[in-house]
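Okay, start.tsv now, which holds TSV, C-alpha atoms:
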chain	number	residue	atom	x	y	z
O	1	MET	CA	275.52	29.35	168.70
O	2	HIS	CA	278.91	28.95	170.41
O	3	VAL	CA	280.79	32.23	170.05
O	4	PRO	CA	284.43	31.78	168.97
O	5	ASP	CA	287.29	34.06	170.02
O	6	GLY	CA	287.45	37.26	167.98
O	7	PHE	CA	283.74	37.98	167.35
O	8	PHE	CA	283.62	40.54	170.17
O	9	ASN	CA	286.02	43.22	171.38
O	10	ALA	CA	287.93	42.63	174.61
O	11	ALA	CA	285.84	45.01	176.72
O	12	THR	CA	282.61	43.22	175.82
O	13	SER	CA	284.14	39.78	176.41
O	14	VAL	CA	285.46	40.84	179.82
O	15	GLY	CA	282.18	42.56	180.71
O	16	ALA	CA	280.23	39.43	179.79
O	17	GLY	CA	282.73	37.41	181.82
O	18	VAL	CA	282.10	39.52	184.92
O	19	VAL	CA	278.32	39.33	184.54
O	20	SER	CA	278.53	35.57	183.97
O	21	ALA	CA	280.72	35.06	187.03
O	22	GLY	CA	278.11	36.86	189.11
O	23	ALA	CA	275.32	34.80	187.55
O	24	LEU	CA	277.17	31.56	188.29
O	25	ALA	CA	277.88	32.55	191.90
O	26	ALA	CA	274.19	33.41	192.39
O	27	SER	CA	273.21	30.14	190.68
O	28	LEU	CA	275.33	28.09	193.07
O	29	ARG	CA	273.52	29.61	196.04
O	30	GLN	CA	270.03	29.59	194.56
O	31	ALA	CA	270.32	26.06	193.12
O	32	ALA	CA	271.07	24.88	196.64
O	33	ARG	CA	267.57	26.06	197.62
O	34	ASP	CA	265.86	24.40	194.65
O	35	LEU	CA	267.48	20.98	194.68
O	36	THR	CA	266.38	18.10	196.85
O	37	ASP	CA	268.43	14.92	197.31
O	38	ARG	CA	266.71	13.37	194.32
O	39	LEU	CA	267.43	16.29	192.01
O	40	THR	CA	271.11	16.67	192.92
O	41	PRO	CA	272.42	13.64	190.94
O	42	MET	CA	269.71	14.35	188.35
O	43	ALA	CA	271.40	17.68	187.65
O	44	GLY	CA	274.66	15.86	186.81
O	45	LEU	CA	272.75	13.66	184.40
O	46	VAL	CA	271.03	16.70	182.85
O	47	ALA	CA	274.44	18.23	182.09
O	48	ALA	CA	275.79	15.00	180.54
O	49	PHE	CA	272.62	14.41	178.52
O	50	ILE	CA	272.59	17.96	177.16
O	51	PHE	CA	276.25	17.58	176.17
O	52	ALA	CA	275.19	14.58	174.05
O	53	LEU	CA	272.16	16.40	172.61
O	54	GLN	CA	274.26	19.43	171.69
O	55	MET	CA	276.36	17.17	169.44
O	56	LEU	CA	273.31	16.33	167.35
O	57	ASN	CA	273.17	19.07	164.76
O	58	PHE	CA	270.02	18.88	162.67
O	59	PRO	CA	269.52	20.63	159.32
O	60	VAL	CA	267.35	23.75	159.60
O	61	ALA	CA	267.64	25.33	156.15
O	62	SER	CA	269.77	24.77	153.10
O	63	GLY	CA	273.38	24.82	154.21
O	64	THR	CA	272.58	25.56	157.85
O	65	SER	CA	272.28	23.38	160.92
O	66	GLY	CA	271.28	23.91	164.51
O	67	HIS	CA	271.48	22.00	167.74
O	68	LEU	CA	269.69	22.02	171.04
O	69	LEU	CA	270.78	24.73	173.47
O	70	GLY	CA	269.08	22.91	176.32
O	71	GLY	CA	268.48	25.78	178.73
O	72	ALA	CA	264.70	25.45	178.67
O	73	LEU	CA	264.90	21.66	178.97
O	74	ALA	CA	267.25	21.86	181.94
O	75	ALA	CA	265.19	24.61	183.60
O	76	VAL	CA	261.98	22.55	183.49
O	77	LEU	CA	263.85	19.58	184.99
O	78	VAL	CA	265.96	21.20	187.72
O	79	GLY	CA	264.96	24.89	187.82
O	80	PRO	CA	266.63	27.87	186.11
O	81	TRP	CA	269.52	28.29	188.58
O	82	ALA	CA	270.69	24.67	188.44
O	83	ALA	CA	270.02	24.72	184.68
O	84	THR	CA	272.43	27.65	184.31
O	85	LEU	CA	275.08	25.62	186.16
O	86	CYS	CA	274.39	22.50	184.03
O	87	ILE	CA	274.87	24.39	180.76
O	88	ALA	CA	277.92	26.25	182.14
O	89	VAL	CA	279.47	22.83	182.87
O	90	VAL	CA	278.70	21.68	179.31
O	91	LEU	CA	280.26	24.87	177.91
O	92	ALA	CA	283.38	24.44	180.06
O	93	VAL	CA	283.90	20.87	178.82
O	94	GLN	CA	283.27	21.94	175.21
O	95	GLY	CA	285.65	24.89	175.45
O	96	LEU	CA	288.46	23.12	177.30
O	97	LEU	CA	288.41	19.66	175.71
O	98	PHE	CA	286.80	20.10	172.30
O	99	ALA	CA	287.95	23.60	171.27
O	100	ASP	CA	284.26	24.49	170.82
O	101	GLY	CA	283.45	28.02	171.98
O	102	GLY	CA	286.33	30.44	172.49
O	103	LEU	CA	287.99	30.61	175.91
O	104	SER	CA	287.87	34.41	175.90
O	105	ALA	CA	284.21	34.11	174.88
O	106	TYR	CA	283.27	31.77	177.76
O	107	GLY	CA	281.41	34.55	179.57
O	108	LEU	CA	279.51	35.46	176.40
O	109	ASN	CA	278.60	31.84	175.83
O	110	VAL	CA	277.45	31.40	179.44
O	111	LEU	CA	275.18	34.42	178.99
O	112	LEU	CA	273.82	33.41	175.58
O	113	ILE	CA	273.53	29.63	176.02
O	114	ALA	CA	273.20	29.12	179.78
O	115	VAL	CA	271.66	32.16	181.50
O	116	VAL	CA	269.30	33.58	178.86
O	117	PRO	CA	267.71	30.33	177.59
O	118	SER	CA	267.40	28.88	181.12
O	119	PHE	CA	265.62	31.91	182.55
O	120	VAL	CA	263.58	32.82	179.47
O	121	GLY	CA	262.61	29.15	179.23
O	122	TRP	CA	261.65	29.00	182.90
O	123	PHE	CA	259.49	32.15	182.82
O	124	VAL	CA	257.71	31.13	179.62
O	125	PHE	CA	257.17	27.65	181.07
O	126	LYS	CA	255.69	29.10	184.27
O	127	ALA	CA	253.46	31.46	182.29
O	128	VAL	CA	252.10	28.63	180.13
O	129	ARG	CA	251.57	26.41	183.17
O	130	THR	CA	249.63	29.21	184.87
O	131	ALA	CA	247.43	29.76	181.82
O	132	LEU	CA	246.64	26.08	181.25
O	133	PRO	CA	244.95	23.45	183.45
O	134	LYS	CA	247.09	21.78	186.12
O	135	ARG	CA	247.78	18.54	184.29
O	136	PRO	CA	250.89	16.52	183.35
O	137	GLN	CA	250.27	17.15	179.64
O	138	THR	CA	250.57	20.90	180.13
O	139	VAL	CA	254.09	20.35	181.53
O	140	VAL	CA	255.08	18.91	178.14
O	141	VAL	CA	253.29	21.66	176.19
O	142	GLY	CA	254.82	24.33	178.44
O	143	SER	CA	258.33	22.93	177.97
O	144	ALA	CA	257.91	22.91	174.18
O	145	ILE	CA	256.74	26.54	174.05
O	146	ALA	CA	259.50	27.56	176.48
O	147	ALA	CA	262.11	25.89	174.25
O	148	LEU	CA	260.64	27.44	171.10
O	149	VAL	CA	260.82	30.96	172.55
O	150	SER	CA	264.19	30.62	174.33
O	151	VAL	CA	266.29	30.14	171.18
O	152	PRO	CA	265.27	33.24	169.16
O	153	VAL	CA	265.45	35.33	172.35
O	154	ALA	CA	269.05	34.18	172.85
O	155	ALA	CA	269.69	35.05	169.18
O	156	ALA	CA	268.23	38.53	169.78
O	157	VAL	CA	270.47	39.01	172.84
O	158	PHE	CA	273.46	38.02	170.69
O	159	SER	CA	272.46	40.72	168.17
O	160	LEU	CA	272.15	43.30	170.93
O	161	LEU	CA	275.57	42.39	172.32
O	162	TYR	CA	276.99	42.47	168.81
O	163	ARG	CA	275.70	46.02	168.41
O	164	VAL	CA	277.48	46.92	171.66
O	165	GLY	CA	280.82	45.22	171.12
O	166	GLY	CA	280.97	43.24	167.90
O	167	ALA	CA	284.23	43.19	165.94
O	168	VAL	CA	282.56	44.65	162.85
O	169	ASP	CA	280.27	47.68	162.81
O	170	LEU	CA	277.09	46.26	161.29
O	171	SER	CA	273.50	47.41	161.19
O	172	PHE	CA	271.68	46.09	164.27
O	173	GLY	CA	268.54	45.36	162.27
O	174	SER	CA	270.38	43.30	159.72
O	175	VAL	CA	272.15	41.10	162.31
O	176	LEU	CA	268.96	40.81	164.37
O	177	GLY	CA	266.84	39.79	161.38
O	178	ALA	CA	269.35	37.17	160.24
O	179	MET	CA	269.98	35.76	163.73
O	180	VAL	CA	266.32	35.58	164.80
O	181	GLY	CA	265.23	34.28	161.40
O	182	VAL	CA	267.47	31.22	161.46
O	183	HIS	CA	267.04	30.63	165.22
O	184	VAL	CA	263.26	30.51	164.99
O	185	LEU	CA	263.87	27.38	162.90
O	186	VAL	CA	266.41	26.05	165.41
O	187	GLY	CA	263.80	26.75	168.11
O	188	ILE	CA	261.32	24.41	166.40
O	189	GLY	CA	263.85	21.58	166.65
O	190	GLU	CA	264.60	22.63	170.23
O	191	ALA	CA	260.87	22.43	171.06
O	192	ILE	CA	260.48	18.94	169.57
O	193	ILE	CA	263.51	17.52	171.40
O	194	THR	CA	262.60	19.24	174.67
O	195	ALA	CA	259.01	17.97	174.56
O	196	ALA	CA	260.22	14.42	173.80
O	197	VAL	CA	262.63	14.37	176.75
O	198	ILE	CA	260.19	15.98	179.21
O	199	SER	CA	257.44	13.62	178.08
O	200	ALA	CA	259.74	10.61	178.68
O	201	VAL	CA	260.72	11.79	182.17
O	202	MET	CA	257.10	12.70	183.04
O	203	SER	CA	255.99	9.18	182.16
O	204	THR	CA	258.71	7.45	184.22
O	205	ARG	CA	259.70	9.73	187.12
O	206	PRO	CA	257.48	12.85	187.23
O	207	ASP	CA	258.89	13.52	190.70
O	208	LEU	CA	262.23	14.32	189.02
O	209	VAL	CA	260.72	17.25	187.11
O	210	LEU	CA	261.03	20.38	189.25
O	211	GLY	CA	258.64	22.24	186.94
O	212	ALA	CA	255.96	19.66	187.77
O	213	ALA	CA	256.52	19.74	191.55
O	214	ASP	CA	252.99	21.10	192.02
O	215	LEU	CA	251.62	17.87	190.52
O	216	THR	CA	253.53	15.55	192.85
O	217	PRO	CA	252.79	16.86	196.34
O	218	ALA	CA	255.44	16.46	199.01
O	219	LEU	CA	255.25	13.20	200.91
O	220	ASP	CA	252.31	13.36	203.27
O	221	LEU	CA	253.14	11.61	206.55
O	222	ARG	CA	250.06	10.10	208.14
O	223	THR	CA	249.56	8.22	211.35
O	224	PRO	CA	246.80	5.65	211.75
O	225	VAL	CA	243.50	7.11	212.92
O	226	GLY	CA	243.49	7.38	216.68
O	227	ALA	CA	247.23	6.89	217.10
O	228	ARG	CA	248.87	9.89	218.66
X	1	MET	CA	255.32	3.56	187.50
X	2	LYS	CA	258.18	4.43	189.80
X	3	THR	CA	261.61	3.57	188.54
X	4	ASN	CA	264.42	3.24	191.03
X	5	LEU	CA	266.44	6.48	191.03
X	6	LYS	CA	269.83	4.82	190.43
X	7	LEU	CA	268.32	2.78	187.60
X	8	PHE	CA	266.83	5.95	186.12
X	9	LEU	CA	270.18	7.76	186.27
X	10	ALA	CA	272.00	4.77	184.77
X	11	ALA	CA	269.45	4.49	181.96
X	12	GLY	CA	269.70	8.23	181.25
X	13	LEU	CA	273.48	8.11	181.15
X	14	LEU	CA	273.46	5.07	178.88
X	15	LEU	CA	271.03	6.79	176.51
X	16	GLY	CA	273.26	9.88	176.46
X	17	LEU	CA	276.31	7.72	175.72
X	18	ALA	CA	274.44	5.91	172.95
X	19	LEU	CA	273.39	9.21	171.34
X	20	ALA	CA	276.97	10.47	171.50
X	21	LEU	CA	278.52	7.27	170.20
X	22	LEU	CA	276.00	6.17	167.60
X	23	VAL	CA	273.97	9.22	166.51
X	24	SER	CA	276.40	12.16	166.70
X	25	PRO	CA	278.63	10.77	163.88
X	26	PHE	CA	275.62	11.19	161.58
X	27	ALA	CA	274.69	14.71	162.73
X	28	SER	CA	274.63	17.53	160.19
X	29	SER	CA	278.06	19.05	159.58
X	30	GLU	CA	276.68	22.18	157.94
X	31	PRO	CA	277.61	25.48	159.65
X	32	ASP	CA	275.32	26.27	162.59
X	33	GLY	CA	272.97	29.26	162.74
X	34	LEU	CA	275.53	31.70	164.14
X	35	GLN	CA	278.29	30.61	161.73
X	36	LYS	CA	275.92	30.96	158.80
X	37	VAL	CA	274.82	34.44	159.87
X	38	ALA	CA	278.46	35.43	160.46
X	39	GLU	CA	279.26	34.27	156.94
X	40	ASP	CA	276.30	36.08	155.36
X	41	GLU	CA	276.81	39.28	157.34
X	42	GLY	CA	280.54	39.23	156.69
X	43	PHE	CA	282.07	38.84	160.14
X	44	LEU	CA	283.01	35.14	160.07
X	45	ALA	CA	286.60	36.08	159.21
X	46	THR	CA	287.00	37.89	162.54
X	47	ALA	CA	286.94	34.53	164.34
X	48	VAL	CA	290.41	33.50	165.46
X	49	ASP	CA	291.66	29.97	166.03
X	50	HIS	CA	290.80	28.42	169.36
X	51	ASP	CA	293.68	28.46	171.88
X	52	LEU	CA	293.31	24.71	172.34
X	53	ALA	CA	292.72	23.88	168.66
X	54	ASP	CA	295.58	21.36	168.80
X	55	GLY	CA	294.17	19.51	171.80
X	56	PRO	CA	293.77	15.71	171.59
X	57	LEU	CA	289.96	15.99	171.34
X	58	ALA	CA	289.70	19.28	169.43
X	59	ALA	CA	286.74	19.58	167.04
X	60	TYR	CA	285.16	16.40	168.44
X	61	SER	CA	287.68	13.94	167.06
X	62	VAL	CA	290.09	11.74	168.99
X	63	ASP	CA	293.75	12.10	168.02
X	64	GLY	CA	295.00	8.88	166.45
X	65	VAL	CA	291.57	7.56	165.49
X	66	ASP	CA	291.40	8.14	161.77
X	67	GLN	CA	287.99	6.73	160.96
X	68	GLU	CA	285.94	9.91	161.15
X	69	ARG	CA	282.65	8.53	162.47
X	70	VAL	CA	284.38	6.36	165.08
X	71	SER	CA	286.49	9.32	166.15
X	72	THR	CA	283.46	11.60	166.55
X	73	GLY	CA	281.52	8.95	168.45
X	74	LEU	CA	284.39	8.22	170.83
X	75	SER	CA	284.98	11.91	171.50
X	76	GLY	CA	281.28	12.18	172.35
X	77	VAL	CA	281.50	9.29	174.82
X	78	ILE	CA	284.46	10.96	176.54
X	79	GLY	CA	282.58	14.27	176.61
X	80	VAL	CA	279.43	12.76	178.15
X	81	LEU	CA	281.46	11.02	180.88
X	82	VAL	CA	283.58	14.08	181.68
X	83	THR	CA	280.48	16.31	181.74
X	84	PHE	CA	278.70	13.86	184.06
X	85	GLY	CA	281.71	13.78	186.40
X	86	LEU	CA	282.16	17.56	186.42
X	87	GLY	CA	278.39	18.01	186.83
X	88	LEU	CA	278.30	15.70	189.85
X	89	ALA	CA	281.27	17.59	191.34
X	90	VAL	CA	279.60	20.99	190.85
X	91	PHE	CA	276.34	19.75	192.34
X	92	ALA	CA	278.17	18.18	195.28
X	93	VAL	CA	279.30	21.75	196.03
X	94	VAL	CA	275.72	22.98	195.56
X	95	ARG	CA	274.59	20.38	198.08
X	96	LEU	CA	277.10	21.68	200.64
X	97	LEU	CA	275.64	25.16	200.17
X	98	ARG	CA	272.12	24.01	201.00
X	99	PRO	CA	270.51	26.29	203.58
X	100	VAL	CA	270.40	24.84	207.10
X	101	GLU	CA	266.59	24.92	207.26
X	102	GLN	CA	266.45	22.50	204.35
X	103	ARG	CA	268.91	20.00	205.78
X	104	ASP	CA	266.11	17.68	206.90
X	105	ARG	CA	265.43	17.05	203.23
X	106	GLN	CA	268.74	15.21	203.18
X	107	ARG	CA	266.93	12.37	204.86
X	108	ASP	CA	264.15	12.50	202.32
X	109	PRO	CA	262.43	9.12	202.83
X	110	THR	CA	261.29	8.94	199.22
X	111	VAL	CA	264.85	8.65	197.94
X	112	THR	CA	265.12	5.21	196.45
With the file now loaded, output its structure as structure tokens.
Amino acid sequence: MHVPDGFFNAATSVGAGVVSAGALAASLRQAARDLTDRLTPMAGLVAAFIFALQMLNFPVASGTSGHLLGGALAAVLVGPWAATLCIAVVLAVQGLLFADGGLSAYGLNVLLIAVVPSFVGWFVFKAVRTALPKRPQTVVVGSAIAALVSVPVAAAVFSLLYRVGGAVDLSFGSVLGAMVGVHVLVGIGEAIITAAVISAVMSTRPDLVLGAADLTPALDLRTPVGAR
Amino acid sequence: MKTNLKLFLAAGLLLGLALALLVSPFASSEPDGLQKVAEDEGFLATAVDHDLADGPLAAYSVDGVDQERVSTGLSGVIGVLVTFGLGLAVFAVVRLLRPVEQRDRQRDPTVT
């Protein structure tokens, strides 16, 4: 869903740029609170891995493809703030090296692909975790549902922004219906890939999944009985 | 099972590189969801060429490598490595911003 240059008027692109800059500044500070030593290099890996996954377009309907956005996946692994930074790094590399995603649309893309999916994904994940028993399996289920929801929500936000500052004056309902319709299908692929990755990490290093921190209690230092 | 952290990171990076090199050349090249909607709704034509459309890696192909699948795969490998490097740099900054009260976690004894 990378927005190219020209889809939005200048005011909307600049406005999105300002909001994104604020979101990234806040993410830098808040990610510092979330990340432990173990999760700091993990976040670099999450960015690189999502870059690779975003190259894997899968067919979703006749003549249409989709690829992972990765916000929900990253949020479950390293929290929504660090996830926003991870995806913003991916978008910067794509825009600067691969001519993918317009440079004037960088702020729009950060909002639509980094901020919205990361935070929507995180809140849905937390809600599902709260509703279900505290078990490792529910981390995988929660990540899948978070991924499934995050993509059409991002598509809906695109439609809303397009109503505000799109280059062509189109009916909001028509753009919304088309965008959400196709991105529900993309979301199914997103859910499958996200669940597969989270399941793999949960079975090897569950301590590297921030969204499962409640299942791996902090190291409990004990002294032998009687020793003081 | 506890895998060594460095081993885990190396394995993850290798898997990412393998996906970029070996799987991405076979990914669908159909227009993505947004492009398709833009086409159907009639605003695809408002897209203008990317400022860096003539770059050496533009559109996920490496200048001078003519074999399409090889070119896509190589561009993916470069992208994964650059993203990893930039990601580590950004998160090195994040680490410097860590609040003072959490500094003791820097000596986290479970880091392996």
Distance limit 6 Å, atoms considered: all atoms listed in the file. Which chain X residues sit that close to chain O? Return them as a compact mmCIF listing (two decimals) with C-alpha atoms, keeping the file's coordinate frame.
# COMPACT_ATOMS: atom_id res chain seq x y z
CA GLY X 16 273.26 9.88 176.46
CA ALA X 20 276.97 10.47 171.50
CA SER X 24 276.40 12.16 166.70
CA ALA X 27 274.69 14.71 162.73
CA SER X 28 274.63 17.53 160.19
CA GLU X 30 276.68 22.18 157.94
CA PRO X 31 277.61 25.48 159.65
CA ASP X 32 275.32 26.27 162.59
CA GLY X 33 272.97 29.26 162.74
CA LEU X 34 275.53 31.70 164.14
CA THR X 46 287.00 37.89 162.54
CA ALA X 47 286.94 34.53 164.34
CA VAL X 48 290.41 33.50 165.46
CA HIS X 50 290.80 28.42 169.36
CA LEU X 52 293.31 24.71 172.34
CA ALA X 53 292.72 23.88 168.66
CA LEU X 57 289.96 15.99 171.34
CA ALA X 58 289.70 19.28 169.43
CA ALA X 59 286.74 19.58 167.04
CA TYR X 60 285.16 16.40 168.44
CA VAL X 80 279.43 12.76 178.15
CA THR X 83 280.48 16.31 181.74
CA PHE X 84 278.70 13.86 184.06
CA GLY X 87 278.39 18.01 186.83
CA LEU X 88 278.30 15.70 189.85
CA VAL X 94 275.72 22.98 195.56
CA ARG X 95 274.59 20.38 198.08
CA LEU X 97 275.64 25.16 200.17
CA ARG X 98 272.12 24.01 201.00
CA GLN X 106 268.74 15.21 203.18
Protein and nucleic acid residues near (280.8, 14.1, 160.7) (cut-off 7 Å, all atoms listed in the file) as a PyMOL selection string: chain X and resi 25-27+29+68-69+72
Point-to-point distance in Å for atom CA of O:Met202 and atom CA of O:Ala75: 14.4 Å
Exercise: X:Ser71 partners within 9 Å, all atoms listed in the file, chain neighbours under 4 positions left out, as an MDAnalysis selection string: chainID X and resid 25 60:67 75:76
Straight-line distance linking atom CA of O:Ile198 with atom CA of O:Ser20, stated in Å to one decimal: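 Separation between atom CA of O:Ile198 and atom CA of O:Ser20: 27.3 Å.
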